[in-house]
$ cat target29.txt   # compact mmCIF, C-alpha atoms
# COMPACT_ATOMS: atom_id res chain seq x y z
CA MET A 1 20.50 -2.29 -2.43
CA SER A 2 19.64 -1.19 1.10
CA ALA A 3 19.67 -2.78 4.52
CA THR A 4 18.38 -1.46 7.83
CA LEU A 5 18.61 -2.65 11.42
CA ASP A 6 16.59 -1.05 14.21
CA LEU A 7 17.29 -2.01 17.80
CA ALA A 8 15.27 -1.27 20.93
CA ASP A 9 16.43 -1.86 24.49
CA PRO A 10 16.06 -0.14 27.85
CA ALA A 11 19.83 0.50 27.71
CA LEU A 12 19.13 2.55 24.55
CA ALA A 13 16.27 4.45 26.26
CA GLY A 14 13.64 2.15 24.80
CA ASP A 15 10.46 0.93 26.47
CA ALA A 16 10.86 -2.59 25.02
CA THR A 17 13.51 -4.96 23.74
CA GLY A 18 13.54 -5.96 20.10
CA TYR A 19 14.86 -5.64 16.58
CA ALA A 20 13.62 -5.09 13.04
CA ALA A 21 15.84 -5.81 10.03
CA THR A 22 15.07 -5.28 6.35
CA LEU A 23 16.89 -5.95 3.09
CA ASN A 24 15.84 -4.50 -0.28
CA PHE A 25 17.32 -4.90 -3.74
CA ALA A 26 16.24 -3.16 -6.96
CA THR A 27 17.65 -3.39 -10.45
CA TYR A 28 16.70 -2.09 -13.87
CA LEU A 29 17.24 -4.08 -17.05
CA GLY A 30 17.17 -2.14 -20.30
CA VAL A 31 15.25 -3.63 -23.22
CA PRO A 32 17.93 -3.74 -25.95
CA TRP A 33 15.58 -3.40 -28.94
CA LEU A 34 13.50 -0.53 -27.50
CA PRO A 35 15.27 2.61 -26.25
CA HIS A 36 14.14 3.94 -22.84
CA HIS A 37 12.08 0.81 -22.09
CA VAL A 38 13.08 -0.99 -18.89
CA LEU A 39 12.18 -3.97 -16.74
CA ALA A 40 12.33 -2.77 -13.12
CA LEU A 41 12.71 -5.50 -10.48
CA HIS A 42 12.51 -5.22 -6.69
CA ALA A 43 12.87 -7.86 -3.99
CA GLY A 44 12.65 -7.14 -0.28
CA GLY A 45 12.15 -8.85 3.02
CA GLY A 46 12.31 -8.29 6.73
CA ALA A 47 12.32 -9.97 10.12
CA SER A 48 11.58 -8.67 13.60
CA GLY A 49 11.41 -9.92 17.16
CA GLY A 50 11.25 -8.79 20.75
CA ASN A 51 8.76 -8.13 23.48
CA ALA A 52 7.04 -5.01 22.13
CA GLY A 53 3.78 -6.84 21.47
CA GLY A 54 1.32 -5.87 18.80
CA ARG A 55 0.59 -7.50 15.47
CA GLY A 56 4.05 -7.00 13.96
CA PRO A 57 5.87 -4.09 12.39
CA TYR A 58 5.47 -5.16 8.74
CA PHE A 59 2.52 -4.98 6.42
CA VAL A 60 1.92 -5.39 2.71
CA GLY A 61 -0.93 -4.01 0.66
CA GLY A 62 -1.95 -1.27 -1.71
CA PHE A 63 -1.69 2.50 -1.63
CA LEU A 64 -3.40 4.73 0.94
CA ASP A 65 -6.28 6.80 -0.40
CA LEU A 66 -5.27 10.39 0.42
CA PRO A 67 -7.04 13.61 -0.62
CA LEU A 68 -5.16 15.28 -3.50
CA VAL A 69 -5.18 18.67 -1.74
CA ASN A 70 -3.39 17.17 1.30
CA VAL A 71 -0.89 15.38 -0.94
CA VAL A 72 0.15 18.58 -2.72
CA GLN A 73 -0.06 20.86 0.32
CA ASN A 74 2.04 18.57 2.56
CA GLN A 75 4.10 16.81 -0.14
CA LEU A 76 2.81 13.41 0.96
CA LEU A 77 4.60 10.98 -1.34
CA GLN A 78 3.96 7.28 -0.92
CA GLY A 79 6.58 4.61 -1.42
CA GLY A 80 6.87 2.69 -4.64
CA VAL A 81 6.98 -0.78 -3.06
CA GLN A 82 3.42 -2.04 -2.66
CA LEU A 83 1.24 -5.12 -3.07
CA ARG A 84 -1.27 -3.45 -5.37
CA GLY A 85 -4.77 -4.88 -5.76
CA TYR A 86 -5.29 -5.34 -2.01
CA PRO A 87 -6.29 -3.17 0.96
CA THR A 88 -3.46 -1.16 2.53
CA PHE A 89 -2.98 -3.56 5.45
CA ALA A 90 -3.82 -6.81 3.61
CA GLU A 91 -1.26 -8.84 5.57
CA ILE A 92 0.51 -7.93 8.84
CA GLY A 93 3.27 -9.79 10.66
CA HIS A 94 6.75 -10.03 12.15
CA TYR A 95 8.21 -11.09 8.77
CA TYR A 96 7.57 -10.06 5.19
CA GLY A 97 8.67 -10.84 1.66
CA LEU A 98 7.74 -8.81 -1.42
CA PHE A 99 8.66 -8.97 -5.12
CA ASN A 100 7.70 -6.33 -7.69
CA ALA A 101 8.25 -6.46 -11.45
CA GLU A 102 7.36 -3.49 -13.68
CA TYR A 103 7.71 -3.01 -17.41
CA ARG A 104 8.17 0.77 -17.81
CA PHE A 105 7.98 2.61 -21.12
CA PRO A 106 7.90 6.24 -22.29
CA ILE A 107 4.76 7.66 -23.86
CA VAL A 108 5.53 11.36 -24.40
CA ASN A 109 7.97 14.02 -23.15
CA LEU A 110 6.11 17.34 -22.99
CA ASP A 111 8.02 19.80 -20.77
CA ARG A 112 5.10 22.20 -21.07
CA GLY A 113 2.91 24.31 -18.83
CA LEU A 114 -0.16 26.50 -19.19
CA SER A 115 0.82 30.10 -19.92
CA THR A 116 2.79 31.40 -16.92
CA LEU A 117 1.11 29.18 -14.31
CA PRO A 118 3.65 27.40 -12.09
CA LEU A 119 2.46 23.96 -13.22
CA PHE A 120 4.40 21.88 -15.75
CA LEU A 121 3.73 18.43 -17.16
CA ASP A 122 7.18 17.04 -17.81
CA ARG A 123 6.45 13.56 -19.15
CA ILE A 124 3.96 10.71 -19.27
CA THR A 125 5.15 7.13 -18.95
CA GLY A 126 3.40 3.80 -18.65
CA ALA A 127 3.98 0.72 -16.53
CA ALA A 128 2.55 -2.79 -16.38
CA PHE A 129 3.25 -4.67 -13.16
CA VAL A 130 3.12 -7.89 -11.17
CA ASP A 131 3.43 -7.81 -7.35
CA TYR A 132 3.85 -10.90 -5.16
CA GLY A 133 4.23 -10.90 -1.40
CA SER A 134 3.02 -11.39 2.14
CA ALA A 135 3.58 -10.39 5.75
CA PHE A 136 3.35 -13.20 8.29
CA ASP A 137 4.26 -14.52 11.73
CA ASP A 138 4.86 -18.16 10.74
CA PRO A 139 6.67 -18.86 7.43
CA ASN A 140 4.88 -22.22 7.16
CA SER A 141 1.47 -20.53 7.10
CA ALA A 142 2.39 -17.46 5.01
CA ASN A 143 -0.37 -16.47 2.59
CA PHE A 144 1.46 -15.02 -0.44
CA LYS A 145 -0.72 -12.97 -2.76
CA THR A 146 -0.37 -11.75 -6.36
CA GLY A 147 -1.53 -8.45 -7.82
CA VAL A 148 -1.36 -7.30 -11.45
CA GLY A 149 -2.22 -4.08 -13.24
CA ALA A 150 -1.13 -1.05 -15.22
CA GLU A 151 -0.34 2.61 -14.50
CA LEU A 152 0.16 5.92 -16.25
CA TRP A 153 2.81 8.08 -14.56
CA PHE A 154 2.57 11.86 -14.82
CA ASP A 155 5.78 13.67 -13.85
CA VAL A 156 4.70 17.16 -12.79
CA THR A 157 6.56 20.19 -11.46
CA LEU A 158 4.63 22.55 -9.18
CA GLY A 159 5.79 26.00 -8.15
CA TYR A 160 8.83 25.73 -10.45
CA ARG A 161 10.66 23.39 -8.06
CA ILE A 162 8.49 20.74 -6.34
CA GLY A 163 8.36 17.50 -8.34
CA PHE A 164 5.61 14.91 -8.09
CA THR A 165 5.02 11.63 -9.89
CA PHE A 166 1.28 11.04 -9.97
CA ARG A 167 0.16 7.51 -10.79
CA LEU A 168 -3.19 6.79 -12.38
CA GLY A 169 -3.59 3.05 -12.15
CA TYR A 170 -5.73 -0.01 -12.02
CA ALA A 171 -4.77 -3.07 -9.96
CA LYS A 172 -6.39 -6.46 -9.60
CA GLY A 173 -5.68 -8.75 -6.65
CA LEU A 174 -5.68 -12.37 -7.80
CA ALA A 175 -5.79 -14.09 -4.38
CA SER A 176 -8.32 -14.08 -1.54
CA GLY A 177 -8.95 -10.57 -0.26
CA GLY A 178 -7.96 -9.12 -3.63
CA MET A 179 -9.99 -6.41 -5.30
CA ASP A 180 -10.27 -4.41 -8.48
CA LYS A 181 -8.81 -1.06 -7.47
CA PRO A 182 -8.52 2.11 -9.55
CA TYR A 183 -6.30 4.72 -7.89
CA PHE A 184 -4.64 8.10 -8.32
CA VAL A 185 -1.69 8.67 -5.97
CA ALA A 186 1.58 10.56 -5.68
CA ALA A 187 4.28 7.92 -5.24
CA VAL A 188 7.98 7.58 -5.87
CA PRO A 189 9.23 4.75 -8.08
CA PHE A 190 11.31 2.04 -6.43

$ encode --input "target29.txt" --output "structure tokens"
Amino acid sequence: MSATLDLADPALAGDATGYAATLNFATYLGVPWLPHHVLALHAGGGASGGNAGGRGPYFVGGFLDLPLVNVVQNQLLQGGVQLRGYPTFAEIGHYYGLFNAEYRFPIVNLDRGLSTLPLFLDRITGAAFVDYGSAFDDPNSANFKTGVGAELWFDVTLGYRIGFTFRLGYAKGLASGGMDKPYFVAAVPF
């Protein structure tokens, strides 16, 4: 569970007055008849206000498309809380709500590399998911969207110490603005 509160005010050396608060909760439920299988659940939301202007500090949508070389070179890991199957900024607003459910399961533990190259494939896991959420300014007109899909996770160690989880996935947005989206990203799990 995590909670954040950001405050802005001229008394705090800010240019505007406002706040942004978020609350996130994640839990993992083991599947009793299958070892190492888990149902991962996340729920999060946020609210903001003030006179800063703009379209709102919150957005929901899919992963950013980043070049693999930049990801590895700069260790650009994306967050694991997304509304997959939609453009990155599918919904923007002063409030948001997002729910993610993933069924995660092991495929193979390898712990192997090629000769003496500093590249190791530790394990491959799979995940099937459902995402549901929106960002909005008026709760009465919120446009909640659903995305579904599946991923293969490749846990890799580079240079003997830098760990990455690469996700090869396919997401389908089921609401308006949704799309069929294959992707390959480096992202942390929630």

$ residues_around --input "target29.txt" --residues "segment 46-50 of chain A" --least-positions-apart "3" --cutoff "9 Å" --atoms "all atoms listed in the file" --output "PyMOL selection string"
chain A and resi 8+16-24+53+56-58+93-97

$ closest_atom_pairs --input "target29.txt" --of "segment 9-94 of chain A" --to "segment 167-170 of chain A" --cutoff "12 Å" --atoms "all atoms listed in the file" --output "tab-separated table"
residue	atom	partner	partner_atom	distance
A:Gly62	CA	A:Tyr170	CA	11.1
A:Phe63	CA	A:Arg167	CA	10.6
A:Leu68	CA	A:Arg167	CA	11.9
A:Leu77	CA	A:Arg167	CA	11.0
A:Gln78	CA	A:Arg167	CA	10.6
A:Gly79	CA	A:Arg167	CA	11.7
A:Gly80	CA	A:Arg167	CA	10.3
A:Arg84	CA	A:Tyr170	CA	8.7
A:Gly85	CA	A:Tyr170	CA	8.0
A:Tyr86	CA	A:Tyr170	CA	11.3

$ atom_distance --input "target29.txt" --atom1 "atom CA of Gly126 of chain A" --atom2 "atom CA of Ala150 of chain A"
7.5 Å

$ atom_distance --input "target29.txt" --atom1 "atom CA of Thr88 of chain A" --atom2 "atom CA of Val60 of chain A"
6.8 Å

$ residues_around --input "target29.txt" --residues "segment 27-42 of chain A" --least-positions-apart "5" --cutoff "12 Å" --atoms "all atoms listed in the file" --output "number ranges by chain"
A: 1-2, 80-83, 97-109, 125-133, 189-190

$ closest_residue --input "target29.txt" --among "A:Ala26, A:Leu152, A:Ile92, A:Leu7" --to "Phe136 of chain A" --atoms "all atoms listed in the file"
A:Ile92

$ axis_aligned_box --input "target29.txt" --around "segment 109-119 of chain A" --padding-each-side "8 Å" --output "lines of an AutoDock Vina configuration file"
center_x = 3.9
center_y = 22.7
center_z = -17.6
size_x = 24.2
size_y = 33.4
size_z = 27.1

$ residues_around --input "target29.txt" --residues "Pro118 of chain A" --least-positions-apart "2" --cutoff "7 Å" --atoms "all atoms listed in the file" --output "number ranges by chain"
A: 116, 120, 158-160

$ atom_distance --input "target29.txt" --atom1 "atom CA of Lys172 of chain A" --atom2 "atom CA of Glu151 of chain A"
12.0 Å

$ closest_residue --input "target29.txt" --among "A:Val156, A:Ala186, A:Ala142, A:Met179" --to "Gly113 of chain A" --atoms "all atoms listed in the file"
A:Val156

$ closest_residue --input "target29.txt" --among "A:Phe59, A:Tyr183, A:Phe89, A:Phe154" --to "Asp111 of chain A" --atoms "only C-alpha atoms"
A:Phe154

$ closest_residue --input "target29.txt" --among "A:Asp137, A:Arg161, A:Leu76, A:Gly147" --to "Leu174 of chain A" --atoms "only C-alpha atoms"
A:Gly147

$ decode --input "target29.txt" --residues "segment 7-65 of chain A" --atoms "C-alpha atoms" --output "JSON list (two decimals), in the first residue's frame"
[["chain", "number", "residue", "atom", "x", "y", "z"],
["A", 7, "LEU", "CA", 1.48, 20.32, -2.09],
["A", 8, "ALA", "CA", 2.29, 23.51, -3.98],
["A", 9, "ASP", "CA", 2.04, 27.02, -2.58],
["A", 10, "PRO", "CA", 3.96, 30.28, -2.89],
["A", 11, "ALA", "CA", 4.85, 29.87, 0.80],
["A", 12, "LEU", "CA", 6.62, 26.63, -0.22],
["A", 13, "ALA", "CA", 8.43, 28.38, -3.12],
["A", 14, "GLY", "CA", 5.85, 27.24, -5.65],
["A", 15, "ASP", "CA", 4.53, 29.17, -8.63],
["A", 16, "ALA", "CA", 0.96, 27.94, -8.05],
["A", 17, "THR", "CA", -1.31, 26.66, -5.30],
["A", 18, "GLY", "CA", -2.56, 23.10, -5.40],
["A", 19, "TYR", "CA", -2.40, 19.50, -4.30],
["A", 20, "ALA", "CA", -2.19, 16.01, -5.77],
["A", 21, "ALA", "CA", -2.95, 12.93, -3.68],
["A", 22, "THR", "CA", -2.74, 9.26, -4.69],
["A", 23, "LEU", "CA", -3.51, 5.95, -3.01],
["A", 24, "ASN", "CA", -2.38, 2.57, -4.35],
["A", 25, "PHE", "CA", -2.92, -0.94, -3.04],
["A", 26, "ALA", "CA", -1.50, -4.19, -4.43],
["A", 27, "THR", "CA", -1.87, -7.74, -3.20],
["A", 28, "TYR", "CA", -0.88, -11.18, -4.44],
["A", 29, "LEU", "CA", -3.05, -14.25, -3.93],
["A", 30, "GLY", "CA", -1.36, -17.61, -4.32],
["A", 31, "VAL", "CA", -3.18, -20.30, -6.28],
["A", 32, "PRO", "CA", -3.30, -23.18, -3.76],
["A", 33, "TRP", "CA", -3.34, -26.03, -6.29],
["A", 34, "LEU", "CA", -0.52, -24.66, -8.50],
["A", 35, "PRO", "CA", 2.81, -23.73, -6.90],
["A", 36, "HIS", "CA", 4.30, -20.36, -7.94],
["A", 37, "HIS", "CA", 1.09, -19.27, -9.71],
["A", 38, "VAL", "CA", -0.40, -16.04, -8.41],
["A", 39, "LEU", "CA", -3.28, -13.64, -8.96],
["A", 40, "ALA", "CA", -1.82, -10.12, -8.70],
["A", 41, "LEU", "CA", -4.32, -7.34, -7.97],
["A", 42, "HIS", "CA", -3.79, -3.56, -7.98],
["A", 43, "ALA", "CA", -6.20, -0.72, -7.27],
["A", 44, "GLY", "CA", -5.23, 2.94, -7.34],
["A", 45, "GLY", "CA", -6.74, 6.37, -7.51],
["A", 46, "GLY", "CA", -5.91, 10.02, -7.20],
["A", 47, "ALA", "CA", -7.34, 13.51, -6.86],
["A", 48, "SER", "CA", -5.85, 16.93, -7.50],
["A", 49, "GLY", "CA", -6.86, 20.57, -7.39],
["A", 50, "GLY", "CA", -5.49, 24.07, -7.43],
["A", 51, "ASN", "CA", -4.82, 26.90, -9.81],
["A", 52, "ALA", "CA", -1.93, 25.46, -11.83],
["A", 53, "GLY", "CA", -4.03, 25.12, -14.97],
["A", 54, "GLY", "CA", -3.43, 22.54, -17.64],
["A", 55, "ARG", "CA", -5.34, 19.38, -18.43],
["A", 56, "GLY", "CA", -4.71, 17.63, -15.11],
["A", 57, "PRO", "CA", -1.78, 15.77, -13.61],
["A", 58, "TYR", "CA", -3.14, 12.23, -14.13],
["A", 59, "PHE", "CA", -3.33, 10.08, -17.21],
["A", 60, "VAL", "CA", -4.05, 6.45, -17.98],
["A", 61, "GLY", "CA", -3.02, 4.49, -21.04],
["A", 62, "GLY", "CA", -0.53, 2.01, -22.39],
["A", 63, "PHE", "CA", 3.24, 1.83, -22.41],
["A", 64, "LEU", "CA", 5.52, 4.34, -24.13],
["A", 65, "ASP", "CA", 7.28, 3.04, -27.23]]
